[in-house]
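> Pasting a structure below so you can have a look.
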Amino acid sequence: MSERLTRQQIYDRIRETSKDEFILSEMKKLGFWKSDETQPQVSEQLIQREGELHRELNDLAHKQRRFENQQAMIAEMRKSRMEASKKKQLETKQKNAQKRLEKAEKWKQQQQNTIVFLGENVSGGLNDTESDIEKLNRFGLPHFTDALALAQAMKITLGRLRFLAYNRKVSTVSHYKRFYLAKKSGGKRLISAPMPILKNAQYWILEHILYKISPTESAHGFVPTRSIVSNAQPHVGKDVVINIDLKDFFPSLDYKRVKGLFQSFGYSQQIATILALICTEPEVEQIAIDGKIYFAATSERRLPQGAPSSPAITNLICYGLDHRFVGIAQKFGFQYSRYADDLTFSAKGDGKKLVGQLLWSVKQVIEDEGFTIHPDKLSVMRKGSQQKVTGIIVNDKMGVDRNELRKFRALIHQIGQTGIVGKTFRQGVDLENSMRGYAEFISMVKPEQGKQFKAQLDTIFGVKVKTTKKEIVPPIVPENIVEKPIIPDTKPNDGGKDWWEVI
């Protein structure tokens, strides 16, 4: 007895074939349908063919449903991916925006607490804040952990420090007032006088750093307790005196050498960079465009002639040069001294015969140290001719040039007779300042004679009341105005002139 099918199985069989074919197969199974196996009947063939077609249709319908489902799935997947992509883009956009905000805030904090950029070609070492504490202590120099500590020590804001040190190729602001002074020997000397705010910073560096380190005993220019008199003293009464002038002395000392000097003290690259930038400047060309003035740098940064910090820096940079010259002088039996860019060698006895050898050795050292001898300012003065060192006669004893002294007396007499109109002295622009400066010079060499000349000038021009003139700082950033630093009481005695007028 055949197994009876359940209703569900019957439904499944009918779906797989057809109703007629299912009935046919069941009738055959139960023996109700007699058929010739070798010769099928037409009705049976039709039912079977109908079943085959029905199965094919079902199969096609199933495939169609699967295809439709795939299309829907693809569309759904695309939609889902699009939504996910948009969501991710939005999240990325929000993250990037947050990163920008955080970066901007971090940059703002950095700007308030440190200096990370000071212009092209000078910012490479600003991340290096490690100083040599042992070396700084050995020199007795103050230590600054970073730029902020330096600004606080100078009593200015970090923004003001950045403003003073920034290396600009083109700027609408100049930290210097530039003008020319006539040289005694002819020609003009470019003076770059710093504006009050920068000058205060340079004075601070001079007092708290540069003056802490003593130059060599041979250096007499702009060194406390030394002067043109102390520079001339070693060369009095010698058989031969040699004067050598270095050409373009200050421009020869560029930013890299100044930075290297501060690093040699033990300061980190960051601090040395800032100090060197404050103490140097490039040559600039003033350009007017659309009624606005621009200052375009035309050279690399170098020591400006006119900044209060420049002479002390030159003395310290020339430390090695002075020691080498002392060695050469001792080798050939000479005395050596230096006043800024004026080198003097003198000798007695057998030393006077070795001038040629001395000059050859000196030239080698000068070139090796990166300087150049001024071809028009090299003089060899032997006994019997006038020997002069930094303006002082040194033949037998220190004195002043008689011809110039005679002219000075004659000028005082003429002014007493006809007044000051049309009178000049030593190519000076200001007659009174030029004459008083010369009187101070005489006072250094011959105090009594100088005192008499000063009294005569007081009669001619009136007694000058000494007052302290307070410099007014331009209101660039009002909250960052700094106090004028206190300059040491012991100053170089150079005849009452600005340092650039003596050199």
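Lettering and numbering for the structure tokens are positional, with chains as A, B, ... in the shown order, residues counted from 1 in each chain, and ligands counted from 1 in the shown order.
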Got a sec: who's within 9 Å of A:His208, counting only C-alpha atoms, leaving out chain neighbours fewer than 4 positions off, as a list in words?

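Non-adjacent residues within range: Leu141, Pro142, Tyr203, Trp204 and Lys212 of chain A.
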
> How about saving the chosen residues, C-alpha atoms kept, as a PDB file, in the first residue's frame?


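Output below, filename part00.pdb:
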ATOM      1  CA  LEU A 141      74.895  85.132  31.960  1.00  0.00           C
ATOM      2  CA  PRO A 142      71.138  84.923  32.562  1.00  0.00           C
ATOM      3  CA  TYR A 203      70.517  98.355  25.309  1.00  0.00           C
ATOM      4  CA  TRP A 204      69.005  95.536  27.388  1.00  0.00           C
ATOM      5  CA  LYS A 212      78.898  90.527  31.221  1.00  0.00           C
TER       6      LYS A 212
END

> Among stretch 263-341 of chain A, which ones does DSSP place in alpha helix (DSSP H), written as a count of residues only?

35

> Name all residues at most 7 Å from stretch 154-168 of chain A (count only C-alpha atoms; drop same-chain ones fewer than 4 positions away) and give them as a PDB file with all heavy atoms, in the first residue's frame.


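selection34.pdb, written as the output of this step:
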ATOM      1  N   GLN A 112      51.024  82.764  21.798  1.00  0.00           N
ATOM      2  CA  GLN A 112      51.036  83.457  23.076  1.00  0.00           C
ATOM      3  C   GLN A 112      52.182  82.998  23.967  1.00  0.00           C
ATOM      4  O   GLN A 112      52.589  83.734  24.873  1.00  0.00           O
ATOM      5  CB  GLN A 112      49.697  83.242  23.795  1.00  0.00           C
ATOM      6  CG  GLN A 112      48.512  83.896  23.100  1.00  0.00           C
ATOM      7  CD  GLN A 112      47.191  83.554  23.764  1.00  0.00           C
ATOM      8  OE1 GLN A 112      47.131  82.707  24.644  1.00  0.00           O
ATOM      9  NE2 GLN A 112      46.132  84.229  23.349  1.00  0.00           N
ATOM     10  N   LEU A 118      60.088  83.167  12.390  1.00  0.00           N
ATOM     11  CA  LEU A 118      60.542  84.566  12.383  1.00  0.00           C
ATOM     12  C   LEU A 118      60.978  85.002  10.991  1.00  0.00           C
ATOM     13  O   LEU A 118      61.772  85.924  10.854  1.00  0.00           O
ATOM     14  CB  LEU A 118      61.689  84.757  13.376  1.00  0.00           C
ATOM     15  CG  LEU A 118      61.297  84.800  14.854  1.00  0.00           C
ATOM     16  CD1 LEU A 118      62.529  84.841  15.741  1.00  0.00           C
ATOM     17  CD2 LEU A 118      60.380  85.979  15.149  1.00  0.00           C
ATOM     18  N   GLY A 119      60.430  84.338   9.972  1.00  0.00           N
ATOM     19  CA  GLY A 119      60.765  84.714   8.608  1.00  0.00           C
ATOM     20  C   GLY A 119      61.614  83.661   7.910  1.00  0.00           C
ATOM     21  O   GLY A 119      62.082  82.694   8.518  1.00  0.00           O
ATOM     22  N   LEU A 148      59.478  83.103  25.570  1.00  0.00           N
ATOM     23  CA  LEU A 148      58.597  83.784  26.515  1.00  0.00           C
ATOM     24  C   LEU A 148      59.382  84.266  27.730  1.00  0.00           C
ATOM     25  O   LEU A 148      59.171  85.388  28.219  1.00  0.00           O
ATOM     26  CB  LEU A 148      57.460  82.855  26.947  1.00  0.00           C
ATOM     27  CG  LEU A 148      56.433  83.442  27.925  1.00  0.00           C
ATOM     28  CD1 LEU A 148      55.752  84.657  27.321  1.00  0.00           C
ATOM     29  CD2 LEU A 148      55.401  82.380  28.318  1.00  0.00           C
ATOM     30  N   LEU A 150      62.523  85.029  27.793  1.00  0.00           N
ATOM     31  CA  LEU A 150      63.345  86.158  27.348  1.00  0.00           C
ATOM     32  C   LEU A 150      62.513  87.439  27.298  1.00  0.00           C
ATOM     33  O   LEU A 150      62.960  88.500  27.762  1.00  0.00           O
ATOM     34  CB  LEU A 150      63.944  85.861  25.976  1.00  0.00           C
ATOM     35  CG  LEU A 150      64.741  86.990  25.323  1.00  0.00           C
ATOM     36  CD1 LEU A 150      65.936  87.376  26.176  1.00  0.00           C
ATOM     37  CD2 LEU A 150      65.195  86.586  23.917  1.00  0.00           C
ATOM     38  N   LEU A 198      63.332  99.464  19.530  1.00  0.00           N
ATOM     39  CA  LEU A 198      64.415  98.528  19.243  1.00  0.00           C
ATOM     40  C   LEU A 198      65.679  98.915  19.999  1.00  0.00           C
ATOM     41  O   LEU A 198      66.410  98.054  20.493  1.00  0.00           O
ATOM     42  CB  LEU A 198      64.685  98.479  17.740  1.00  0.00           C
ATOM     43  CG  LEU A 198      65.803  97.530  17.301  1.00  0.00           C
ATOM     44  CD1 LEU A 198      65.484  96.097  17.697  1.00  0.00           C
ATOM     45  CD2 LEU A 198      66.039  97.627  15.800  1.00  0.00           C
ATOM     46  N   TRP A 204      69.213  96.608  26.410  1.00  0.00           N
ATOM     47  CA  TRP A 204      69.005  95.536  27.388  1.00  0.00           C
ATOM     48  C   TRP A 204      69.991  94.396  27.134  1.00  0.00           C
ATOM     49  O   TRP A 204      70.607  93.868  28.059  1.00  0.00           O
ATOM     50  CB  TRP A 204      67.567  95.030  27.307  1.00  0.00           C
ATOM     51  CG  TRP A 204      67.232  94.075  28.414  1.00  0.00           C
ATOM     52  CD1 TRP A 204      66.659  94.365  29.609  1.00  0.00           C
ATOM     53  CD2 TRP A 204      67.496  92.657  28.430  1.00  0.00           C
ATOM     54  NE1 TRP A 204      66.542  93.225  30.375  1.00  0.00           N
ATOM     55  CE2 TRP A 204      67.048  92.165  29.684  1.00  0.00           C
ATOM     56  CE3 TRP A 204      68.058  91.767  27.532  1.00  0.00           C
ATOM     57  CZ2 TRP A 204      67.135  90.827  30.041  1.00  0.00           C
ATOM     58  CZ3 TRP A 204      68.168  90.433  27.883  1.00  0.00           C
ATOM     59  CH2 TRP A 204      67.712  89.971  29.118  1.00  0.00           C
ATOM     60  N   ILE A 274      66.891  84.806  18.175  1.00  0.00           N
ATOM     61  CA  ILE A 274      66.153  86.025  18.506  1.00  0.00           C
ATOM     62  C   ILE A 274      67.104  87.172  18.825  1.00  0.00           C
ATOM     63  O   ILE A 274      66.942  88.295  18.328  1.00  0.00           O
ATOM     64  CB  ILE A 274      65.195  85.762  19.684  1.00  0.00           C
ATOM     65  CG1 ILE A 274      64.128  84.739  19.284  1.00  0.00           C
ATOM     66  CG2 ILE A 274      64.534  87.057  20.145  1.00  0.00           C
ATOM     67  CD1 ILE A 274      63.292  84.239  20.435  1.00  0.00           C
ATOM     68  N   LEU A 277      68.822  88.408  15.631  1.00  0.00           N
ATOM     69  CA  LEU A 277      67.917  89.163  14.759  1.00  0.00           C
ATOM     70  C   LEU A 277      67.685  90.570  15.294  1.00  0.00           C
ATOM     71  O   LEU A 277      67.585  91.530  14.519  1.00  0.00           O
ATOM     72  CB  LEU A 277      66.584  88.422  14.626  1.00  0.00           C
ATOM     73  CG  LEU A 277      66.614  87.145  13.773  1.00  0.00           C
ATOM     74  CD1 LEU A 277      65.304  86.382  13.899  1.00  0.00           C
ATOM     75  CD2 LEU A 277      66.895  87.470  12.313  1.00  0.00           C
ATOM     76  N   ILE A 278      67.595  90.710  16.603  1.00  0.00           N
ATOM     77  CA  ILE A 278      67.399  92.034  17.194  1.00  0.00           C
ATOM     78  C   ILE A 278      68.620  92.922  16.953  1.00  0.00           C
ATOM     79  O   ILE A 278      68.489  94.136  16.794  1.00  0.00           O
ATOM     80  CB  ILE A 278      67.104  91.908  18.704  1.00  0.00           C
ATOM     81  CG1 ILE A 278      65.705  91.307  18.912  1.00  0.00           C
ATOM     82  CG2 ILE A 278      67.194  93.252  19.413  1.00  0.00           C
ATOM     83  CD1 ILE A 278      65.354  91.061  20.360  1.00  0.00           C
ATOM     84  N   ASN A 480      52.384  97.417  25.142  1.00  0.00           N
ATOM     85  CA  ASN A 480      53.699  96.794  25.153  1.00  0.00           C
ATOM     86  C   ASN A 480      54.839  97.801  25.306  1.00  0.00           C
ATOM     87  O   ASN A 480      55.981  97.497  25.018  1.00  0.00           O
ATOM     88  CB  ASN A 480      53.912  96.020  23.842  1.00  0.00           C
ATOM     89  CG  ASN A 480      53.007  94.825  23.768  1.00  0.00           C
ATOM     90  OD1 ASN A 480      52.563  94.345  24.799  1.00  0.00           O
ATOM     91  ND2 ASN A 480      52.704  94.352  22.578  1.00  0.00           N
ATOM     92  N   VAL A 482      57.842  99.630  26.691  1.00  0.00           N
ATOM     93  CA  VAL A 482      58.832  99.135  27.646  1.00  0.00           C
ATOM     94  C   VAL A 482      59.545 100.295  28.323  1.00  0.00           C
ATOM     95  O   VAL A 482      59.600 101.399  27.794  1.00  0.00           O
ATOM     96  CB  VAL A 482      59.881  98.244  26.934  1.00  0.00           C
ATOM     97  CG1 VAL A 482      59.235  97.035  26.344  1.00  0.00           C
ATOM     98  CG2 VAL A 482      60.614  99.035  25.845  1.00  0.00           C
TER      99      VAL A 482
END

> Given only C-alpha atoms as the basis, pick out the residue of A:Ile242, A:Ile74, A:Ile197, A:Val421 nearest to A:Lys388.

A:Ile242

> Out of A:Arg189, A:Leu261, A:Lys238, A:Lys88, which residue has the shortest atom-to-atom distance to A:Gly333 when counting only C-alpha atoms?

A:Lys238

> Name all residues at most 12 Å from A:His220 (count only C-alpha atoms; drop same-chain ones fewer than 2 positions away) and give them as a PyMOL selection string.

chain A and resi 214-218+222-234+311-312+314-316+322+336-344+390+492-494+503

> Based on the selection just made, write N, CA and C atoms of those residues as a compact mmCIF listing (two decimals), in the first residue's frame.


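Everything below was put into again-v4.txt:
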# COMPACT_ATOMS: atom_id res chain seq x y z
N SER A 214 83.94 90.04 29.26
CA SER A 214 85.01 91.00 28.99
C SER A 214 85.69 90.68 27.66
N PRO A 215 85.96 91.71 26.85
CA PRO A 215 86.74 91.48 25.63
C PRO A 215 88.21 91.30 25.99
N THR A 216 89.06 91.16 25.01
CA THR A 216 90.49 91.00 25.27
C THR A 216 91.09 92.30 25.78
N GLU A 217 92.27 92.21 26.36
CA GLU A 217 92.97 93.40 26.84
C GLU A 217 93.38 94.31 25.69
N SER A 218 93.41 93.76 24.49
CA SER A 218 93.83 94.54 23.32
C SER A 218 92.72 95.43 22.78
N PHE A 222 85.06 101.39 22.88
CA PHE A 222 83.74 101.26 23.48
C PHE A 222 83.68 100.15 24.52
N VAL A 223 84.74 100.09 25.29
CA VAL A 223 84.83 99.18 26.43
C VAL A 223 84.85 100.04 27.69
N PRO A 224 84.00 99.77 28.68
CA PRO A 224 84.02 100.55 29.91
C PRO A 224 85.44 100.64 30.49
N THR A 225 85.80 101.86 30.92
CA THR A 225 87.11 102.21 31.51
C THR A 225 88.21 102.34 30.47
N ARG A 226 87.95 102.06 29.18
CA ARG A 226 88.98 102.22 28.15
C ARG A 226 88.55 103.28 27.15
N SER A 227 89.50 103.77 26.37
CA SER A 227 89.21 104.87 25.45
C SER A 227 90.27 104.94 24.37
N ILE A 228 90.21 106.00 23.55
CA ILE A 228 91.24 106.21 22.54
C ILE A 228 92.59 106.50 23.20
N VAL A 229 92.56 107.04 24.42
CA VAL A 229 93.81 107.31 25.15
C VAL A 229 94.49 106.01 25.57
N SER A 230 93.71 105.09 26.14
CA SER A 230 94.29 103.80 26.55
C SER A 230 94.74 103.01 25.33
N ASN A 231 94.09 103.23 24.19
CA ASN A 231 94.48 102.56 22.95
C ASN A 231 95.82 103.09 22.43
N ALA A 232 96.06 104.40 22.60
CA ALA A 232 97.29 105.01 22.08
C ALA A 232 98.48 104.82 23.02
N GLN A 233 98.22 104.67 24.30
CA GLN A 233 99.28 104.62 25.31
C GLN A 233 100.39 103.59 25.02
N PRO A 234 100.07 102.34 24.62
CA PRO A 234 101.14 101.36 24.40
C PRO A 234 102.10 101.71 23.27
N PRO A 311 79.12 97.73 18.69
CA PRO A 311 80.55 97.71 19.08
C PRO A 311 80.91 96.58 20.02
N ALA A 312 80.07 96.31 21.01
CA ALA A 312 80.36 95.23 21.95
C ALA A 312 80.37 93.88 21.25
N THR A 314 81.15 93.35 18.08
CA THR A 314 82.38 93.25 17.29
C THR A 314 83.57 92.90 18.17
N ASN A 315 83.63 93.49 19.36
CA ASN A 315 84.75 93.20 20.26
C ASN A 315 84.79 91.72 20.64
N LEU A 316 83.61 91.15 20.88
CA LEU A 316 83.56 89.75 21.28
C LEU A 316 83.80 88.80 20.11
N ASP A 322 92.04 89.03 18.06
CA ASP A 322 92.95 89.76 18.96
C ASP A 322 94.03 88.85 19.51
N TYR A 336 100.51 95.48 20.32
CA TYR A 336 99.28 95.48 19.51
C TYR A 336 98.11 96.01 20.32
N SER A 337 97.25 96.81 19.67
CA SER A 337 95.97 97.23 20.26
C SER A 337 94.97 97.44 19.13
N ARG A 338 93.71 97.40 19.49
CA ARG A 338 92.65 97.58 18.48
C ARG A 338 91.57 98.50 19.03
N TYR A 339 91.17 99.47 18.21
CA TYR A 339 90.04 100.32 18.54
C TYR A 339 89.01 100.13 17.43
N ALA A 340 88.00 99.28 17.70
CA ALA A 340 86.99 98.93 16.69
C ALA A 340 87.69 98.32 15.48
N ASP A 341 87.68 99.02 14.32
CA ASP A 341 88.28 98.47 13.11
C ASP A 341 89.68 99.01 12.85
N ASP A 342 90.23 99.79 13.80
CA ASP A 342 91.59 100.33 13.67
C ASP A 342 92.57 99.45 14.43
N LEU A 343 93.51 98.84 13.70
CA LEU A 343 94.53 97.98 14.30
C LEU A 343 95.84 98.74 14.35
N THR A 344 96.54 98.66 15.46
CA THR A 344 97.82 99.37 15.60
C THR A 344 98.88 98.42 16.13
N THR A 390 94.68 106.61 16.55
CA THR A 390 93.29 107.07 16.81
C THR A 390 93.25 108.56 17.12
N PRO A 492 82.33 104.11 28.08
CA PRO A 492 83.55 104.44 27.36
C PRO A 492 83.71 105.94 27.25
N ASN A 493 84.89 106.43 27.47
CA ASN A 493 85.16 107.86 27.39
C ASN A 493 85.74 108.16 26.02
N ASP A 494 84.93 108.64 25.11
CA ASP A 494 85.36 108.85 23.74
C ASP A 494 85.08 110.27 23.25
N ILE A 503 84.78 106.35 15.27
CA ILE A 503 85.45 105.31 14.47
C ILE A 503 86.02 105.90 13.18
